[in-house]
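S.K.: Sharing a structure, written as structure tokens. Questions coming.
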Amino acid sequence: MAVDLHAKIRDVPDFPKPGIVFKDIMPLLADPEALRETVDRLTEWARPREPDVILGAEARGFITGGALAHALGCGFVAARKPGKLPWRTVSAKYALEYGFDVLEVHADAVGRGQRVLVHDDVLATGGTAKAKCELVEQLGGEVVGVAFIIALDFLGGRDRLAGYDVGALISYDS
Ligand code: AMP
């Protein structure tokens, strides 16, 4: 029987700010069957898009992003908070559901014409994913898909990512 991934996501009200219901994927990651099912389903969605590389942001995007890259036989590129990457970087600023942030990638992380699958755990307003897509495009890469475990559809992230091929394993309407 298929694993109920939905049941492995914990709602944490008022984290990190009042009014935000945080979707905590730690129970899903800690469960061997749920983790395997998550990576298998992300892989199934991503494979026909034929990515060369997976781009994930810290911290949770590294966990399933690394597993996804391994399953697909792709490379992995890390988008990180400012000051964490040791070499020359390009950066993008973006608005979050709860504030502003900046992401950086190494200037040589994506080659011209490379097919990049952008990955994160949660699609909320779409600002983070949009910034990652812009970083890929700044470096001459092609975004072949944007894959999430969870989409909070009531926050309009899919509209923000209009024009990109967006997939999510679990969607919430409210
Ligand atoms: P956004 O840029 O608004 O789409 O936010 C996406 C990023 O913030 C992702 O990296 C998520 O991990 C995190 N995030 C935003 N809202 C939530 C939420 N309600 N629950 C869990 N993570 C969230």
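Every chain in the structure tokens takes a letter, A first, then B, and so on in the order presented; its residues are numbered from 1, and the ligands are numbered from 1 following the presented order.
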Hey, which residues sit close to ligand 1? Say within 10 Å, counting only C-alpha atoms and all ligand atoms, and write them as number ranges by chain.
M.R.: A: 9-16, 19-25, 56-61, 94-101, 119-132, 148, 150-152, 155-158, 160-161
S.K.: Write down as a VMD selection string the residues of stretch 1-103 of chain A whose backbone DSSP state falls under helix (DSSP H, G or I).
M.R.: chain A and resid 5 to 8 26 to 30 32 to 49 60 to 72
S.K.: Hey, can you check how far atom CA of A:Val166 sits from atom CA of A:Trp45?
M.R.: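 Atom CA of A:Val166 sits 10.0 Å away from atom CA of A:Trp45.
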S.K.: Enumerate as a ChimeraX atom specification all residues of stretch 56-138 of chain A assigned to strand (DSSP E or B) by DSSP on the backbone, naming them with the chain letters and numbers the document uses.
M.R.: /A:56-57,75-80,89-96,99-106,115-123
S.K.: I need the chosen residues saved as a CSV table (one decimal), in the first residue's frame, with N, CA, C and O atoms.
M.R.:
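Contents of result04.csv, as written:
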chain,number,residue,atom,x,y,z
A,56,GLY,N,19.1,23.0,-5.2
A,56,GLY,CA,18.3,23.1,-3.9
A,56,GLY,C,18.9,24.1,-3.0
A,56,GLY,O,20.1,24.4,-3.0
A,57,ALA,N,18.0,24.7,-2.2
A,57,ALA,CA,18.4,25.7,-1.2
A,57,ALA,C,18.5,25.2,0.2
A,57,ALA,O,17.7,24.2,0.5
A,75,GLY,N,23.9,16.0,-11.2
A,75,GLY,CA,24.7,16.7,-10.2
A,75,GLY,C,23.8,17.5,-9.3
A,75,GLY,O,22.6,17.5,-9.5
A,76,PHE,N,24.4,18.1,-8.2
A,76,PHE,CA,23.6,18.9,-7.3
A,76,PHE,C,24.3,20.2,-7.1
A,76,PHE,O,25.5,20.3,-6.9
A,77,VAL,N,23.5,21.3,-7.2
A,77,VAL,CA,24.0,22.7,-7.0
A,77,VAL,C,23.3,23.3,-5.7
A,77,VAL,O,22.1,23.2,-5.6
A,78,ALA,N,24.1,23.9,-4.9
A,78,ALA,CA,23.6,24.4,-3.6
A,78,ALA,C,23.4,25.9,-3.7
A,78,ALA,O,24.3,26.7,-4.1
A,79,ALA,N,22.1,26.4,-3.5
A,79,ALA,CA,21.9,27.8,-3.3
A,79,ALA,C,21.9,28.0,-1.8
A,79,ALA,O,21.3,27.3,-1.0
A,80,ARG,N,22.7,29.1,-1.4
A,80,ARG,CA,23.0,29.2,0.1
A,80,ARG,C,22.7,30.7,0.5
A,80,ARG,O,22.7,31.6,-0.3
A,89,THR,N,30.3,34.4,-6.4
A,89,THR,CA,28.9,34.0,-6.4
A,89,THR,C,28.0,35.0,-7.2
A,89,THR,O,28.5,36.2,-7.5
A,90,VAL,N,26.8,34.6,-7.6
A,90,VAL,CA,25.8,35.5,-8.1
A,90,VAL,C,24.7,35.4,-7.1
A,90,VAL,O,24.5,34.4,-6.4
A,91,SER,N,23.9,36.5,-6.9
A,91,SER,CA,22.9,36.5,-5.8
A,91,SER,C,21.5,37.0,-6.3
A,91,SER,O,21.5,37.7,-7.4
A,92,ALA,N,20.5,36.7,-5.6
A,92,ALA,CA,19.1,37.2,-5.9
A,92,ALA,C,18.4,37.4,-4.6
A,92,ALA,O,18.5,36.6,-3.7
A,93,LYS,N,17.8,38.6,-4.5
A,93,LYS,CA,17.0,38.9,-3.3
A,93,LYS,C,15.5,38.6,-3.5
A,93,LYS,O,15.1,38.7,-4.7
A,94,TYR,N,14.8,38.2,-2.5
A,94,TYR,CA,13.4,37.8,-2.7
A,94,TYR,C,12.6,38.0,-1.4
A,94,TYR,O,13.2,38.0,-0.3
A,95,ALA,N,11.3,38.1,-1.6
A,95,ALA,CA,10.4,38.3,-0.5
A,95,ALA,C,9.9,36.9,0.0
A,95,ALA,O,9.6,36.1,-0.9
A,96,LEU,N,9.8,36.7,1.3
A,96,LEU,CA,9.3,35.5,1.8
A,96,LEU,C,7.9,35.7,2.3
A,96,LEU,O,7.5,36.8,2.5
A,99,GLY,N,9.1,37.7,5.6
A,99,GLY,CA,10.3,38.6,5.5
A,99,GLY,C,11.0,38.6,4.2
A,99,GLY,O,10.4,38.3,3.2
A,100,PHE,N,12.3,39.0,4.2
A,100,PHE,CA,13.1,39.1,3.0
A,100,PHE,C,14.3,38.2,3.2
A,100,PHE,O,14.8,38.0,4.3
A,101,ASP,N,14.9,37.8,2.1
A,101,ASP,CA,16.1,37.0,2.2
A,101,ASP,C,16.9,37.1,0.9
A,101,ASP,O,16.4,37.6,-0.1
A,102,VAL,N,18.2,36.6,0.9
A,102,VAL,CA,19.0,36.6,-0.3
A,102,VAL,C,19.6,35.2,-0.4
A,102,VAL,O,19.9,34.5,0.6
A,103,LEU,N,19.7,34.7,-1.7
A,103,LEU,CA,20.3,33.4,-2.0
A,103,LEU,C,21.5,33.6,-2.9
A,103,LEU,O,21.4,34.5,-3.8
A,104,GLU,N,22.5,32.8,-2.8
A,104,GLU,CA,23.6,32.9,-3.7
A,104,GLU,C,23.9,31.5,-4.2
A,104,GLU,O,23.7,30.5,-3.6
A,105,VAL,N,24.5,31.5,-5.4
A,105,VAL,CA,25.1,30.3,-6.0
A,105,VAL,C,26.4,30.6,-6.5
A,105,VAL,O,26.7,31.8,-6.9
A,106,HIS,N,27.3,29.6,-6.6
A,106,HIS,CA,28.6,29.9,-7.2
A,106,HIS,C,28.4,30.3,-8.7
A,106,HIS,O,27.5,29.7,-9.4
A,115,ARG,N,20.4,21.9,-18.2
A,115,ARG,CA,19.0,21.7,-17.8
A,115,ARG,C,18.9,21.5,-16.3
A,115,ARG,O,19.5,20.6,-15.8
A,116,VAL,N,18.2,22.5,-15.7
A,116,VAL,CA,18.2,22.5,-14.2
A,116,VAL,C,16.8,22.3,-13.6
A,116,VAL,O,15.9,22.9,-14.1
A,117,LEU,N,16.7,21.4,-12.7
A,117,LEU,CA,15.5,21.2,-12.0
A,117,LEU,C,15.7,21.9,-10.6
A,117,LEU,O,16.6,21.5,-9.8
A,118,VAL,N,14.8,22.8,-10.3
A,118,VAL,CA,14.8,23.6,-9.1
A,118,VAL,C,13.9,22.8,-8.1
A,118,VAL,O,12.8,22.4,-8.4
A,119,HIS,N,14.5,22.6,-6.9
A,119,HIS,CA,13.7,21.8,-5.9
A,119,HIS,C,13.7,22.5,-4.5
A,119,HIS,O,14.7,23.1,-4.1
A,120,ASP,N,12.6,22.4,-3.8
A,120,ASP,CA,12.5,22.8,-2.4
A,120,ASP,C,11.4,22.0,-1.7
A,120,ASP,O,10.6,21.3,-2.4
A,121,ASP,N,11.4,22.1,-0.4
A,121,ASP,CA,10.4,21.3,0.3
A,121,ASP,C,9.0,21.9,0.2
A,121,ASP,O,8.0,21.2,-0.1
A,122,VAL,N,8.9,23.2,0.4
A,122,VAL,CA,7.6,23.9,0.4
A,122,VAL,C,7.5,25.0,-0.6
A,122,VAL,O,8.4,25.9,-0.6
A,123,LEU,N,6.4,25.1,-1.4
A,123,LEU,CA,6.1,26.3,-2.2
A,123,LEU,C,5.1,27.1,-1.4
A,123,LEU,O,3.9,26.6,-1.1
S.K.: Name the closest residue to A:Glu44 among the candidates A:Leu72, A:Ala162, A:Leu5, A:Lys81; distances are taken between atoms, counting only C-alpha atoms.
M.R.: A:Leu72
S.K.: Counting only C-alpha atoms, which of A:Leu55, A:Leu85, A:Ile149, A:Val144 gets nearest to A:Val110?
M.R.: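 The shortest atom-to-atom distance to A:Val110 comes from A:Leu55.
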S.K.: Neighbours of A:Thr38 within 12 Å (only C-alpha atoms; same-chain residues fewer than 3 positions away dropped), as a PyMOL selection string?
M.R.: chain A and resi 2-6+8-9+25+28-35+41-45+63-65+67-68+71+121+147-150+168-170
S.K.: Atoms to include: N, CA and C atoms. Write the selected residues as an mmCIF file, in the first residue's frame.
M.R.:
data_model
loop_
_atom_site.group_PDB
_atom_site.id
_atom_site.type_symbol
_atom_site.label_atom_id
_atom_site.label_comp_id
_atom_site.auth_asym_id
_atom_site.auth_seq_id
_atom_site.Cartn_x
_atom_site.Cartn_y
_atom_site.Cartn_z
ATOM 1 N N ALA A 2 0.438 2.278 -0.743
ATOM 2 C CA ALA A 2 1.230 3.513 -0.807
ATOM 3 C C ALA A 2 1.275 4.192 0.568
ATOM 4 N N VAL A 3 2.384 4.827 0.848
ATOM 5 C CA VAL A 3 2.553 5.513 2.133
ATOM 6 C C VAL A 3 1.747 6.813 2.091
ATOM 7 N N ASP A 4 1.066 7.120 3.207
ATOM 8 C CA ASP A 4 0.307 8.371 3.285
ATOM 9 C C ASP A 4 1.254 9.501 3.701
ATOM 10 N N LEU A 5 1.812 10.197 2.701
ATOM 11 C CA LEU A 5 2.786 11.254 2.996
ATOM 12 C C LEU A 5 2.146 12.388 3.787
ATOM 13 N N HIS A 6 0.904 12.681 3.452
ATOM 14 C CA HIS A 6 0.166 13.760 4.107
ATOM 15 C C HIS A 6 0.192 13.587 5.638
ATOM 16 N N LYS A 8 2.386 12.379 7.411
ATOM 17 C CA LYS A 8 3.731 12.540 7.991
ATOM 18 C C LYS A 8 4.168 14.004 8.045
ATOM 19 N N ILE A 9 3.266 14.909 7.692
ATOM 20 C CA ILE A 9 3.590 16.343 7.747
ATOM 21 C C ILE A 9 2.897 16.945 8.963
ATOM 22 N N ILE A 25 8.393 19.001 7.833
ATOM 23 C CA ILE A 25 8.586 17.712 7.134
ATOM 24 C C ILE A 25 9.523 16.773 7.896
ATOM 25 N N LEU A 28 8.323 13.242 8.214
ATOM 26 C CA LEU A 28 8.386 12.552 6.915
ATOM 27 C C LEU A 28 9.822 12.104 6.623
ATOM 28 N N LEU A 29 10.791 12.973 6.894
ATOM 29 C CA LEU A 29 12.195 12.624 6.630
ATOM 30 C C LEU A 29 12.659 11.494 7.548
ATOM 31 N N ALA A 30 12.119 11.467 8.763
ATOM 32 C CA ALA A 30 12.576 10.485 9.758
ATOM 33 C C ALA A 30 11.999 9.090 9.519
ATOM 34 N N ASP A 31 10.963 9.012 8.682
ATOM 35 C CA ASP A 31 10.293 7.732 8.430
ATOM 36 C C ASP A 31 10.868 7.120 7.146
ATOM 37 N N PRO A 32 11.521 5.950 7.239
ATOM 38 C CA PRO A 32 12.204 5.388 6.069
ATOM 39 C C PRO A 32 11.293 5.201 4.865
ATOM 40 N N GLU A 33 10.068 4.695 5.098
ATOM 41 C CA GLU A 33 9.166 4.442 3.964
ATOM 42 C C GLU A 33 8.666 5.735 3.354
ATOM 43 N N ALA A 34 8.364 6.718 4.199
ATOM 44 C CA ALA A 34 7.857 8.002 3.697
ATOM 45 C C ALA A 34 8.963 8.743 2.938
ATOM 46 N N LEU A 35 10.192 8.650 3.445
ATOM 47 C CA LEU A 35 11.313 9.306 2.756
ATOM 48 C C LEU A 35 11.528 8.660 1.389
ATOM 49 N N ARG A 41 8.769 9.484 -5.747
ATOM 50 C CA ARG A 41 7.741 10.235 -6.495
ATOM 51 C C ARG A 41 8.319 11.506 -7.105
ATOM 52 N N LEU A 42 9.227 12.146 -6.407
ATOM 53 C CA LEU A 42 9.897 13.331 -6.990
ATOM 54 C C LEU A 42 10.713 12.899 -8.215
ATOM 55 N N THR A 43 11.367 11.755 -8.102
ATOM 56 C CA THR A 43 12.197 11.237 -9.201
ATOM 57 C C THR A 43 11.338 10.931 -10.425
ATOM 58 N N GLU A 44 10.184 10.303 -10.167
ATOM 59 C CA GLU A 44 9.248 9.966 -11.248
ATOM 60 C C GLU A 44 8.790 11.232 -11.985
ATOM 61 N N TRP A 45 8.538 12.295 -11.216
ATOM 62 C CA TRP A 45 8.089 13.558 -11.838
ATOM 63 C C TRP A 45 9.233 14.202 -12.618
ATOM 64 N N ILE A 63 18.385 18.179 1.540
ATOM 65 C CA ILE A 63 18.198 16.790 1.981
ATOM 66 C C ILE A 63 17.560 15.972 0.861
ATOM 67 N N THR A 64 16.358 16.375 0.457
ATOM 68 C CA THR A 64 15.685 15.633 -0.611
ATOM 69 C C THR A 64 16.310 15.956 -1.969
ATOM 70 N N GLY A 65 16.883 17.162 -2.104
ATOM 71 C CA GLY A 65 17.547 17.526 -3.369
ATOM 72 C C GLY A 65 18.735 16.621 -3.651
ATOM 73 N N ALA A 67 19.187 13.562 -2.473
ATOM 74 C CA ALA A 67 18.676 12.211 -2.747
ATOM 75 C C ALA A 67 18.118 12.135 -4.165
ATOM 76 N N LEU A 68 17.442 13.189 -4.581
ATOM 77 C CA LEU A 68 16.848 13.251 -5.923
ATOM 78 C C LEU A 68 17.944 13.247 -6.989
ATOM 79 N N ALA A 71 19.279 9.746 -7.256
ATOM 80 C CA ALA A 71 18.341 8.834 -7.923
ATOM 81 C C ALA A 71 18.298 9.069 -9.429
ATOM 82 N N ASP A 121 11.377 22.095 -0.390
ATOM 83 C CA ASP A 121 10.367 21.305 0.318
ATOM 84 C C ASP A 121 8.975 21.910 0.168
ATOM 85 N N ALA A 147 10.190 21.473 -8.622
ATOM 86 C CA ALA A 147 9.532 20.364 -7.921
ATOM 87 C C ALA A 147 9.531 20.571 -6.410
ATOM 88 N N PHE A 148 8.355 20.417 -5.818
ATOM 89 C CA PHE A 148 8.198 20.592 -4.365
ATOM 90 C C PHE A 148 7.594 19.330 -3.766
ATOM 91 N N ILE A 149 7.822 19.158 -2.473
ATOM 92 C CA ILE A 149 7.086 18.122 -1.752
ATOM 93 C C ILE A 149 5.666 18.657 -1.490
ATOM 94 N N ILE A 150 5.602 19.914 -1.042
ATOM 95 C CA ILE A 150 4.331 20.513 -0.606
ATOM 96 C C ILE A 150 4.094 21.825 -1.341
ATOM 97 N N ALA A 168 4.089 19.346 -7.469
ATOM 98 C CA ALA A 168 4.131 19.159 -6.013
ATOM 99 C C ALA A 168 3.465 17.832 -5.687
ATOM 100 N N LEU A 169 4.001 17.127 -4.693
ATOM 101 C CA LEU A 169 3.422 15.836 -4.319
ATOM 102 C C LEU A 169 2.145 16.007 -3.506
ATOM 103 N N ILE A 170 2.102 17.068 -2.692
ATOM 104 C CA ILE A 170 0.950 17.299 -1.816
ATOM 105 C C ILE A 170 0.557 18.763 -1.933
#
